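A.B. asks: The structure follows.
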Amino acid sequence: MKETILVLGSNGQIGTELVTALREAYGSNQVVACDIRRPDYEIKNAGPFEFVNVLDKDILKATFEKYKPTQVYLLAALLSATGEQNPKLAWDLNMNGLLNVLDFALAYRTAKVYWPSSIAAFGPNSPKNNTPQFCTMDPNTVYGISKLAGERWCEYYHQKYNLDVRSIRYPGLISWKAAPGGGTTDYAVHIFHDALMKNSYNSFLSAETELPMLYMDDAIKGTIELMDAPAENITIRSSYNLAGVSFTPEQLGAEIRKHLPDFKLGYVENDPRQAIANSWPGSIDDSYAVKDWNWKPQFDLAKMTTEMLNNLKK
């Protein structure tokens, strides 16, 4: 069957690269990029684009009616740090956007829906090291609360309506192609830009704050691998833990110095994002993803650092 794919929130850090990868796999005309703003990157003329606000049910319905998608990727969201500045908007977008898409996916018999969760769904009482798939989850940001609630809705729609919803709890995502969207892990992108432009960076997270991260190429690969996996292999219908590499700002700075020996790394005190990071895991157990769909990341800290610096130099 010919696939028709909607990517909602296509202008974001994930969406810009996911649209490109999906168009390479399925054909440019089969992947419809959707966002509230027209894209200003290289794919804007490479395939169909629709203005879509996931909170506008009329526009969303018209888009489903026009394309009758076989797959939908819902990426529109307010992230952790940005969400704390406007918590009610974050809840509305992150929660009601998801429910709107799940309902239209049912109504238009969409075969598969992808929705990303996050390590923000964990909280202060979740295990910090090798955080398991199933454990205490008590998020203390509106972003994390919305992700935990969204996981429950995804599993509910699968169990009650047999909707094939799939999800990954992304760690921090690192990419040179698109700007990050206001998350707590954004330092791990900004640091590369400042290293090349100023040979210095002031981190808003402390030197020893360890967080799990994932290079964007691995994130896109893992997302598509999950969506391509046979339904009978998918045992997690809330959201899969996914791990790449864990490191601290100090460890990342040391790796950058292997390429830029004079790079200086400083620290900003009392940034509100530090408290958010303190409630998140330092490393992730992703054994279910490994077992169910053979997940394996390709990038470690050294390879990721080399890729980021080489590509940003260009």
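Chain lettering (A, B, ...) mirrors the order of the structure tokens, residue numbering begins at 1 for each chain separately, and ligand numbering begins at 1 in order of display.
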Once DSSP has gone over the backbone, tell me which residues of segment 141-299 of chain A are in alpha helix (DSSP H), as a CSV table (one decimal) with N, CA and C atoms, in the first residue's frame.
C.D. replies:
chain,number,residue,atom,x,y,z
A,142,VAL,N,5.8,21.2,33.7
A,142,VAL,CA,4.6,20.9,33.0
A,142,VAL,C,4.8,20.1,31.7
A,143,TYR,N,6.0,20.3,31.1
A,143,TYR,CA,6.4,19.5,30.0
A,143,TYR,C,6.4,18.0,30.4
A,144,GLY,N,7.1,17.7,31.5
A,144,GLY,CA,7.2,16.3,31.9
A,144,GLY,C,5.8,15.7,32.3
A,145,ILE,N,5.0,16.5,33.0
A,145,ILE,CA,3.6,16.1,33.3
A,145,ILE,C,2.8,15.8,32.1
A,146,SER,N,2.9,16.6,31.1
A,146,SER,CA,2.2,16.4,29.9
A,146,SER,C,2.7,15.2,29.1
A,147,LYS,N,4.0,14.9,29.2
A,147,LYS,CA,4.5,13.7,28.5
A,147,LYS,C,4.1,12.5,29.3
A,148,LEU,N,4.1,12.5,30.6
A,148,LEU,CA,3.6,11.3,31.3
A,148,LEU,C,2.2,11.0,31.0
A,149,ALA,N,1.3,12.1,31.1
A,149,ALA,CA,-0.1,11.9,30.8
A,149,ALA,C,-0.3,11.5,29.3
A,150,GLY,N,0.5,12.0,28.4
A,150,GLY,CA,0.4,11.6,27.0
A,150,GLY,C,0.7,10.1,26.8
A,151,GLU,N,1.7,9.6,27.5
A,151,GLU,CA,2.0,8.2,27.5
A,151,GLU,C,0.8,7.4,27.9
A,152,ARG,N,0.1,7.8,28.9
A,152,ARG,CA,-1.0,7.0,29.4
A,152,ARG,C,-2.1,7.1,28.3
A,153,TRP,N,-2.3,8.2,27.7
A,153,TRP,CA,-3.3,8.3,26.6
A,153,TRP,C,-3.0,7.5,25.4
A,154,CYS,N,-1.7,7.4,25.0
A,154,CYS,CA,-1.3,6.6,23.9
A,154,CYS,C,-1.6,5.1,24.2
A,155,GLU,N,-1.2,4.7,25.4
A,155,GLU,CA,-1.5,3.3,25.7
A,155,GLU,C,-3.0,3.0,25.8
A,156,TYR,N,-3.8,4.0,26.3
A,156,TYR,CA,-5.2,3.8,26.4
A,156,TYR,C,-5.8,3.7,25.0
A,157,TYR,N,-5.4,4.5,24.1
A,157,TYR,CA,-6.0,4.4,22.7
A,157,TYR,C,-5.6,3.1,22.0
A,158,HIS,N,-4.5,2.6,22.4
A,158,HIS,CA,-4.1,1.3,21.8
A,158,HIS,C,-4.9,0.2,22.4
A,159,GLN,N,-5.1,0.2,23.7
A,159,GLN,CA,-5.8,-0.9,24.4
A,159,GLN,C,-7.3,-0.8,24.1
A,160,LYS,N,-7.9,0.4,24.1
A,160,LYS,CA,-9.3,0.5,24.0
A,160,LYS,C,-9.8,0.5,22.5
A,161,TYR,N,-9.0,1.1,21.6
A,161,TYR,CA,-9.4,1.3,20.2
A,161,TYR,C,-8.5,0.6,19.2
A,187,TYR,N,22.1,23.2,26.0
A,187,TYR,CA,23.5,23.6,26.1
A,187,TYR,C,24.4,22.7,25.3
A,188,ALA,N,24.0,21.5,25.1
A,188,ALA,CA,24.9,20.5,24.3
A,188,ALA,C,24.8,20.8,22.8
A,189,VAL,N,24.0,21.7,22.4
A,189,VAL,CA,24.0,22.2,21.0
A,189,VAL,C,24.7,23.6,21.0
A,190,HIS,N,24.3,24.5,21.9
A,190,HIS,CA,24.8,25.8,21.9
A,190,HIS,C,26.3,25.8,22.1
A,191,ILE,N,26.8,24.9,22.9
A,191,ILE,CA,28.3,24.8,23.2
A,191,ILE,C,29.1,24.7,21.9
A,192,PHE,N,28.7,24.0,20.9
A,192,PHE,CA,29.4,23.8,19.7
A,192,PHE,C,29.5,25.1,18.9
A,193,HIS,N,28.3,25.8,18.8
A,193,HIS,CA,28.3,27.1,18.1
A,193,HIS,C,29.3,28.1,18.7
A,194,ASP,N,29.2,28.2,20.0
A,194,ASP,CA,30.1,29.2,20.7
A,194,ASP,C,31.5,28.8,20.7
A,195,ALA,N,31.8,27.5,20.7
A,195,ALA,CA,33.2,27.0,20.6
A,195,ALA,C,33.8,27.4,19.3
A,196,LEU,N,33.1,27.4,18.2
A,196,LEU,CA,33.6,27.8,16.9
A,196,LEU,C,33.6,29.3,16.7
A,197,MET,N,32.6,30.0,17.3
A,197,MET,CA,32.5,31.4,17.0
A,197,MET,C,33.3,32.2,18.1
A,216,MET,N,21.3,13.5,16.6
A,216,MET,CA,20.0,13.5,15.8
A,216,MET,C,20.0,12.4,14.8
A,217,ASP,N,21.1,12.1,14.2
A,217,ASP,CA,21.1,11.0,13.2
A,217,ASP,C,20.6,9.7,13.8
A,218,ASP,N,21.0,9.4,15.1
A,218,ASP,CA,20.5,8.2,15.8
A,218,ASP,C,19.1,8.3,16.2
A,219,ALA,N,18.6,9.6,16.5
A,219,ALA,CA,17.2,9.8,16.9
A,219,ALA,C,16.3,9.5,15.7
A,220,ILE,N,16.7,10.0,14.5
A,220,ILE,CA,15.9,9.8,13.3
A,220,ILE,C,15.9,8.3,13.0
A,221,LYS,N,17.1,7.7,13.0
A,221,LYS,CA,17.2,6.3,12.7
A,221,LYS,C,16.3,5.4,13.7
A,222,GLY,N,16.4,5.7,14.9
A,222,GLY,CA,15.6,5.0,15.9
A,222,GLY,C,14.1,5.2,15.7
A,223,THR,N,13.7,6.4,15.4
A,223,THR,CA,12.3,6.7,15.2
A,223,THR,C,11.7,5.9,14.0
A,224,ILE,N,12.4,5.9,12.9
A,224,ILE,CA,11.9,5.2,11.7
A,224,ILE,C,12.0,3.7,11.9
A,225,GLU,N,13.0,3.2,12.6
A,225,GLU,CA,13.1,1.8,12.9
A,225,GLU,C,11.9,1.3,13.8
A,226,LEU,N,11.6,2.1,14.8
A,226,LEU,CA,10.4,1.8,15.6
A,226,LEU,C,9.1,1.7,14.8
A,227,MET,N,8.9,2.7,13.9
A,227,MET,CA,7.7,2.8,13.1
A,227,MET,C,7.7,1.7,12.0
A,228,ASP,N,8.9,1.2,11.6
A,228,ASP,CA,8.9,0.1,10.6
A,228,ASP,C,8.8,-1.3,11.2
A,249,PRO,N,28.7,18.5,31.2
A,249,PRO,CA,29.3,19.6,30.4
A,249,PRO,C,30.8,19.6,30.5
A,250,GLU,N,31.4,19.2,31.6
A,250,GLU,CA,32.8,19.1,31.7
A,250,GLU,C,33.4,18.1,30.8
A,251,GLN,N,32.8,16.9,30.7
A,251,GLN,CA,33.2,15.9,29.8
A,251,GLN,C,33.1,16.3,28.3
A,252,LEU,N,32.0,17.0,28.0
A,252,LEU,CA,31.8,17.5,26.6
A,252,LEU,C,32.9,18.5,26.3
A,253,GLY,N,33.1,19.4,27.3
A,253,GLY,CA,34.2,20.5,27.0
A,253,GLY,C,35.5,19.8,26.8
A,254,ALA,N,35.9,18.8,27.5
A,254,ALA,CA,37.1,18.1,27.3
A,254,ALA,C,37.2,17.5,26.0
A,255,GLU,N,36.1,17.0,25.5
A,255,GLU,CA,36.1,16.4,24.1
A,255,GLU,C,36.3,17.4,23.1
A,256,ILE,N,35.7,18.6,23.3
A,256,ILE,CA,35.8,19.7,22.3
A,256,ILE,C,37.3,20.2,22.3
A,257,ARG,N,38.0,20.2,23.4
A,257,ARG,CA,39.3,20.6,23.5
A,257,ARG,C,40.3,19.8,22.7
A,272,PRO,N,17.5,28.5,36.2
A,272,PRO,CA,16.3,27.7,36.6
A,272,PRO,C,16.4,26.3,35.9
A,273,ARG,N,17.1,26.2,34.8
A,273,ARG,CA,17.2,24.9,34.1
A,273,ARG,C,18.0,23.9,34.9
A,274,GLN,N,18.8,24.3,35.8
A,274,GLN,CA,19.6,23.4,36.6
A,274,GLN,C,18.7,22.5,37.5
A,275,ALA,N,17.6,23.2,38.1
A,275,ALA,CA,16.7,22.4,38.9
A,275,ALA,C,16.0,21.4,38.1
A,276,ILE,N,15.6,21.7,36.9
A,276,ILE,CA,15.0,20.7,36.0
A,276,ILE,C,15.9,19.6,35.7
A,277,ALA,N,17.1,19.9,35.4
A,277,ALA,CA,18.1,18.8,35.0
A,277,ALA,C,18.4,17.9,36.3
A,278,ASN,N,18.3,18.5,37.5
A,278,ASN,CA,18.6,17.7,38.7
A,278,ASN,C,17.5,16.6,38.9
A,287,SER,N,16.8,-1.5,27.3
A,287,SER,CA,16.8,-2.9,26.9
A,287,SER,C,15.6,-3.4,26.2
A,288,TYR,N,14.4,-2.7,26.5
A,288,TYR,CA,13.2,-3.1,25.7
A,288,TYR,C,13.3,-2.8,24.3
A,289,ALA,N,13.9,-1.6,24.0
A,289,ALA,CA,14.0,-1.2,22.6
A,289,ALA,C,15.0,-2.1,21.9
A,290,VAL,N,16.1,-2.5,22.6
A,290,VAL,CA,17.1,-3.4,22.0
A,290,VAL,C,16.4,-4.7,21.7
A,291,LYS,N,15.6,-5.2,22.6
A,291,LYS,CA,15.0,-6.6,22.5
A,291,LYS,C,13.9,-6.5,21.4
A,292,ASP,N,13.1,-5.5,21.4
A,292,ASP,CA,11.9,-5.5,20.6
A,292,ASP,C,12.1,-5.1,19.1
A,293,TRP,N,13.1,-4.2,18.9
A,293,TRP,CA,13.3,-3.7,17.5
A,293,TRP,C,14.8,-3.5,17.2
A.B. asks: Mind checking which residues fall within 9 Å of segment 72-83 of chain A, counting only C-alpha atoms, ignoring those fewer than 5 positions away in the same chain, and posting them as a PDB file with N, CA and C atoms, in the first residue's frame?
C.D. replies:
ATOM      1  N   THR A   4       1.018   7.584   2.853  1.00  0.00           N
ATOM      2  CA  THR A   4       0.885   9.034   2.889  1.00  0.00           C
ATOM      3  C   THR A   4       1.107   9.454   4.328  1.00  0.00           C
ATOM      4  N   ILE A   5       2.096  10.316   4.551  1.00  0.00           N
ATOM      5  CA  ILE A   5       2.573  10.602   5.899  1.00  0.00           C
ATOM      6  C   ILE A   5       2.422  12.088   6.205  1.00  0.00           C
ATOM      7  N   LEU A   6       1.797  12.404   7.345  1.00  0.00           N
ATOM      8  CA  LEU A   6       1.753  13.773   7.860  1.00  0.00           C
ATOM      9  C   LEU A   6       2.792  13.918   8.953  1.00  0.00           C
ATOM     10  N   VAL A   7       3.570  15.005   8.890  1.00  0.00           N
ATOM     11  CA  VAL A   7       4.487  15.345   9.975  1.00  0.00           C
ATOM     12  C   VAL A   7       4.025  16.677  10.548  1.00  0.00           C
ATOM     13  N   LEU A   8       3.414  16.642  11.720  1.00  0.00           N
ATOM     14  CA  LEU A   8       2.856  17.823  12.375  1.00  0.00           C
ATOM     15  C   LEU A   8       3.905  18.404  13.319  1.00  0.00           C
ATOM     16  N   GLY A   9       4.231  19.684  13.141  1.00  0.00           N
ATOM     17  CA  GLY A   9       5.349  20.280  13.860  1.00  0.00           C
ATOM     18  C   GLY A   9       6.641  20.037  13.103  1.00  0.00           C
ATOM     19  N   SER A  10       6.578  20.183  11.789  1.00  0.00           N
ATOM     20  CA  SER A  10       7.694  19.798  10.917  1.00  0.00           C
ATOM     21  C   SER A  10       8.855  20.783  10.937  1.00  0.00           C
ATOM     22  N   ASN A  11       8.668  21.982  11.504  1.00  0.00           N
ATOM     23  CA  ASN A  11       9.732  22.987  11.482  1.00  0.00           C
ATOM     24  C   ASN A  11      10.699  22.879  12.643  1.00  0.00           C
ATOM     25  N   GLY A  12      10.430  21.994  13.590  1.00  0.00           N
ATOM     26  CA  GLY A  12      11.241  21.919  14.788  1.00  0.00           C
ATOM     27  C   GLY A  12      12.543  21.166  14.585  1.00  0.00           C
ATOM     28  N   ILE A  14      13.517  18.195  15.507  1.00  0.00           N
ATOM     29  CA  ILE A  14      13.344  16.834  14.994  1.00  0.00           C
ATOM     30  C   ILE A  14      12.705  16.863  13.612  1.00  0.00           C
ATOM     31  N   GLY A  15      11.662  17.648  13.466  1.00  0.00           N
ATOM     32  CA  GLY A  15      10.866  17.627  12.240  1.00  0.00           C
ATOM     33  C   GLY A  15      11.645  17.958  10.988  1.00  0.00           C
ATOM     34  N   ASP A  35       3.032  22.757   9.732  1.00  0.00           N
ATOM     35  CA  ASP A  35       3.461  23.587  10.859  1.00  0.00           C
ATOM     36  C   ASP A  35       2.636  24.868  10.853  1.00  0.00           C
ATOM     37  N   ASN A  53      -2.349  24.105  12.699  1.00  0.00           N
ATOM     38  CA  ASN A  53      -2.255  24.256  14.144  1.00  0.00           C
ATOM     39  C   ASN A  53      -3.004  23.072  14.752  1.00  0.00           C
ATOM     40  N   VAL A  54      -2.318  22.242  15.515  1.00  0.00           N
ATOM     41  CA  VAL A  54      -2.948  21.015  16.017  1.00  0.00           C
ATOM     42  C   VAL A  54      -4.055  21.301  17.025  1.00  0.00           C
ATOM     43  N   LYS A  88       0.340  26.902  31.157  1.00  0.00           N
ATOM     44  CA  LYS A  88      -1.014  26.563  30.677  1.00  0.00           C
ATOM     45  C   LYS A  88      -1.012  26.343  29.161  1.00  0.00           C
ATOM     46  N   LEU A  89      -0.258  27.184  28.437  1.00  0.00           N
ATOM     47  CA  LEU A  89      -0.142  26.996  26.988  1.00  0.00           C
ATOM     48  C   LEU A  89       0.553  25.677  26.685  1.00  0.00           C
ATOM     49  N   ALA A  90       1.606  25.359  27.455  1.00  0.00           N
ATOM     50  CA  ALA A  90       2.328  24.110  27.244  1.00  0.00           C
ATOM     51  C   ALA A  90       1.399  22.918  27.440  1.00  0.00           C
ATOM     52  N   TRP A  91       0.599  22.946  28.490  1.00  0.00           N
ATOM     53  CA  TRP A  91      -0.342  21.851  28.737  1.00  0.00           C
ATOM     54  C   TRP A  91      -1.357  21.753  27.604  1.00  0.00           C
ATOM     55  N   LEU A  93      -1.187  22.802  24.415  1.00  0.00           N
ATOM     56  CA  LEU A  93      -0.607  22.328  23.165  1.00  0.00           C
ATOM     57  C   LEU A  93      -0.194  20.860  23.270  1.00  0.00           C
ATOM     58  N   ASN A  94       0.534  20.516  24.325  1.00  0.00           N
ATOM     59  CA  ASN A  94       1.088  19.175  24.435  1.00  0.00           C
ATOM     60  C   ASN A  94       0.017  18.111  24.663  1.00  0.00           C
ATOM     61  N   MET A  95      -1.064  18.471  25.389  1.00  0.00           N
ATOM     62  CA  MET A  95      -2.066  17.472  25.732  1.00  0.00           C
ATOM     63  C   MET A  95      -3.219  17.453  24.736  1.00  0.00           C
ATOM     64  N   GLY A  97      -3.381  18.870  21.787  1.00  0.00           N
ATOM     65  CA  GLY A  97      -2.880  18.565  20.451  1.00  0.00           C
ATOM     66  C   GLY A  97      -2.812  17.066  20.225  1.00  0.00           C
ATOM     67  N   LEU A  98      -2.304  16.335  21.224  1.00  0.00           N
ATOM     68  CA  LEU A  98      -2.226  14.878  21.119  1.00  0.00           C
ATOM     69  C   LEU A  98      -3.611  14.258  21.012  1.00  0.00           C
ATOM     70  N   VAL A 101      -5.186  14.722  17.587  1.00  0.00           N
ATOM     71  CA  VAL A 101      -4.593  13.877  16.559  1.00  0.00           C
ATOM     72  C   VAL A 101      -5.024  12.416  16.739  1.00  0.00           C
ATOM     73  N   ALA A 105      -7.009  10.388  13.931  1.00  0.00           N
ATOM     74  CA  ALA A 105      -6.382   9.163  13.434  1.00  0.00           C
ATOM     75  C   ALA A 105      -7.372   8.000  13.486  1.00  0.00           C
ATOM     76  N   THR A 110      -6.177   6.005  10.299  1.00  0.00           N
ATOM     77  CA  THR A 110      -4.729   6.089  10.143  1.00  0.00           C
ATOM     78  C   THR A 110      -4.089   4.835  10.733  1.00  0.00           C
ATOM     79  N   ALA A 111      -3.196   4.219   9.969  1.00  0.00           N
ATOM     80  CA  ALA A 111      -2.641   2.930  10.394  1.00  0.00           C
ATOM     81  C   ALA A 111      -1.697   3.071  11.581  1.00  0.00           C
ATOM     82  N   LYS A 112      -0.847   4.111  11.587  1.00  0.00           N
ATOM     83  CA  LYS A 112       0.152   4.259  12.646  1.00  0.00           C
ATOM     84  C   LYS A 112       0.311   5.726  13.029  1.00  0.00           C
ATOM     85  N   VAL A 113       0.466   5.955  14.335  1.00  0.00           N
ATOM     86  CA  VAL A 113       0.705   7.298  14.863  1.00  0.00           C
ATOM     87  C   VAL A 113       1.987   7.272  15.677  1.00  0.00           C
ATOM     88  N   TYR A 114       2.842   8.281  15.461  1.00  0.00           N
ATOM     89  CA  TYR A 114       4.039   8.441  16.278  1.00  0.00           C
ATOM     90  C   TYR A 114       3.930   9.725  17.090  1.00  0.00           C
ATOM     91  N   TRP A 115       4.241   9.602  18.383  1.00  0.00           N
ATOM     92  CA  TRP A 115       4.234  10.753  19.283  1.00  0.00           C
ATOM     93  C   TRP A 115       5.436  10.633  20.218  1.00  0.00           C
ATOM     94  N   PRO A 116       6.284  11.663  20.313  1.00  0.00           N
ATOM     95  CA  PRO A 116       7.469  11.554  21.159  1.00  0.00           C
ATOM     96  C   PRO A 116       7.186  11.900  22.612  1.00  0.00           C
ATOM     97  N   ALA A 120      11.917  13.789  30.391  1.00  0.00           N
ATOM     98  CA  ALA A 120      11.256  14.712  31.316  1.00  0.00           C
ATOM     99  C   ALA A 120      10.086  14.062  32.028  1.00  0.00           C
ATOM    100  N   THR A 141       7.856  19.290  35.991  1.00  0.00           N
ATOM    101  CA  THR A 141       7.672  20.373  35.027  1.00  0.00           C
ATOM    102  C   THR A 141       6.385  20.106  34.259  1.00  0.00           C
ATOM    103  N   VAL A 142       5.784  21.154  33.732  1.00  0.00           N
ATOM    104  CA  VAL A 142       4.552  20.947  32.966  1.00  0.00           C
ATOM    105  C   VAL A 142       4.830  20.123  31.720  1.00  0.00           C
ATOM    106  N   TYR A 143       6.016  20.279  31.142  1.00  0.00           N
ATOM    107  CA  TYR A 143       6.397  19.464  29.989  1.00  0.00           C
ATOM    108  C   TYR A 143       6.423  17.989  30.377  1.00  0.00           C
ATOM    109  N   GLY A 144       7.101  17.673  31.483  1.00  0.00           N
ATOM    110  CA  GLY A 144       7.167  16.289  31.925  1.00  0.00           C
ATOM    111  C   GLY A 144       5.807  15.730  32.303  1.00  0.00           C
ATOM    112  N   GLY A 181      14.809  23.689  20.551  1.00  0.00           N
ATOM    113  CA  GLY A 181      13.519  24.354  20.726  1.00  0.00           C
ATOM    114  C   GLY A 181      13.199  24.844  22.114  1.00  0.00           C
ATOM    115  N   GLY A 182      14.197  25.056  22.971  1.00  0.00           N
ATOM    116  CA  GLY A 182      13.921  25.589  24.298  1.00  0.00           C
ATOM    117  C   GLY A 182      13.893  24.531  25.375  1.00  0.00           C
ATOM    118  N   GLY A 183      14.776  23.545  25.269  1.00  0.00           N
ATOM    119  CA  GLY A 183      14.828  22.469  26.246  1.00  0.00           C
ATOM    120  C   GLY A 183      15.977  22.639  27.229  1.00  0.00           C
ATOM    121  N   THR A 184      15.955  21.821  28.279  1.00  0.00           N
ATOM    122  CA  THR A 184      16.972  21.882  29.321  1.00  0.00           C
ATOM    123  C   THR A 184      18.314  21.351  28.842  1.00  0.00           C
ATOM    124  N   PRO A 272      17.457  28.541  36.209  1.00  0.00           N
ATOM    125  CA  PRO A 272      16.330  27.669  36.560  1.00  0.00           C
ATOM    126  C   PRO A 272      16.358  26.305  35.883  1.00  0.00           C
ATOM    127  N   ARG A 273      17.087  26.191  34.775  1.00  0.00           N
ATOM    128  CA  ARG A 273      17.163  24.904  34.090  1.00  0.00           C
ATOM    129  C   ARG A 273      17.965  23.868  34.875  1.00  0.00           C
ATOM    130  N   ILE A 276      15.616  21.693  36.854  1.00  0.00           N
ATOM    131  CA  ILE A 276      14.953  20.723  35.980  1.00  0.00           C
ATOM    132  C   ILE A 276      15.889  19.551  35.709  1.00  0.00           C
TER     133      ILE A 276
END
A.B. asks: Looking at A:Phe49, A:Ile36, A:Lys296, A:Trp280, which one is nearest to Ala121 of chain A, with distances taken over only C-alpha atoms?
C.D. replies: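 Selected residue with least distance to Ala121 of chain A: A:Trp280.
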A.B. asks: Write out as a list in words each polymer residue whose atoms come within 9 Å of Ser200 of chain A, counting only C-alpha atoms; drop sequence neighbours fewer than 6 positions from it.
C.D. replies: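 Returned residues: Ile191, Asp194, Asp262, Phe263, Lys264, Leu265 and Gly266 of chain A.
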A.B. asks: Output C-alpha atoms for every residue in the selection just made, as a CSV table (one decimal), in the first residue's frame.
C.D. replies:
chain,number,residue,atom,x,y,z
A,191,ILE,CA,28.3,24.8,23.2
A,194,ASP,CA,30.1,29.2,20.7
A,262,ASP,CA,42.2,26.8,23.7
A,263,PHE,CA,38.4,26.3,24.2
A,264,LYS,CA,37.3,27.7,27.6
A,265,LEU,CA,34.2,26.5,29.4
A,266,GLY,CA,32.6,28.6,32.2
A.B. asks: Write out as number ranges by chain which residues come within 6 Å of segment 299-310 of chain A when counting only C-alpha atoms, dropping same-chain ones fewer than 2 positions away.
C.D. replies: A: 176, 245, 297, 312-313
A.B. asks: Interatomic distance between atom CA of Ser203 of chain A and atom CA of Lys258 of chain A?
C.D. replies: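 Rounded to one decimal, the two atoms are 18.6 Å apart.
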A.B. asks: Write out as number ranges by chain all residues of segment 116-177 of chain A that backbone DSSP assigns to strand (DSSP E or B).
C.D. replies: A: 117-118, 131, 164-166, 168-170, 172-174
A.B. asks: Can you write out the residues you just picked, keeping C-alpha atoms, as an mmCIF file, in the first residue's frame?
C.D. replies:
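Contents of again.cif, as written:
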data_model
loop_
_atom_site.group_PDB
_atom_site.id
_atom_site.type_symbol
_atom_site.label_atom_id
_atom_site.label_comp_id
_atom_site.auth_asym_id
_atom_site.auth_seq_id
_atom_site.Cartn_x
_atom_site.Cartn_y
_atom_site.Cartn_z
ATOM 1 C CA SER A 117 7.745 11.411 24.913
ATOM 2 C CA SER A 118 10.838 12.473 26.850
ATOM 3 C CA THR A 131 16.730 4.402 34.719
ATOM 4 C CA ASP A 164 -1.245 1.572 16.584
ATOM 5 C CA VAL A 165 0.468 4.369 18.522
ATOM 6 C CA ARG A 166 4.251 4.242 19.004
ATOM 7 C CA ILE A 168 10.088 7.053 22.258
ATOM 8 C CA ARG A 169 11.221 8.833 25.410
ATOM 9 C CA TYR A 170 13.873 10.998 23.803
ATOM 10 C CA GLY A 172 18.566 15.363 24.951
ATOM 11 C CA LEU A 173 18.900 15.709 21.172
ATOM 12 C CA ILE A 174 21.986 17.142 19.490
#
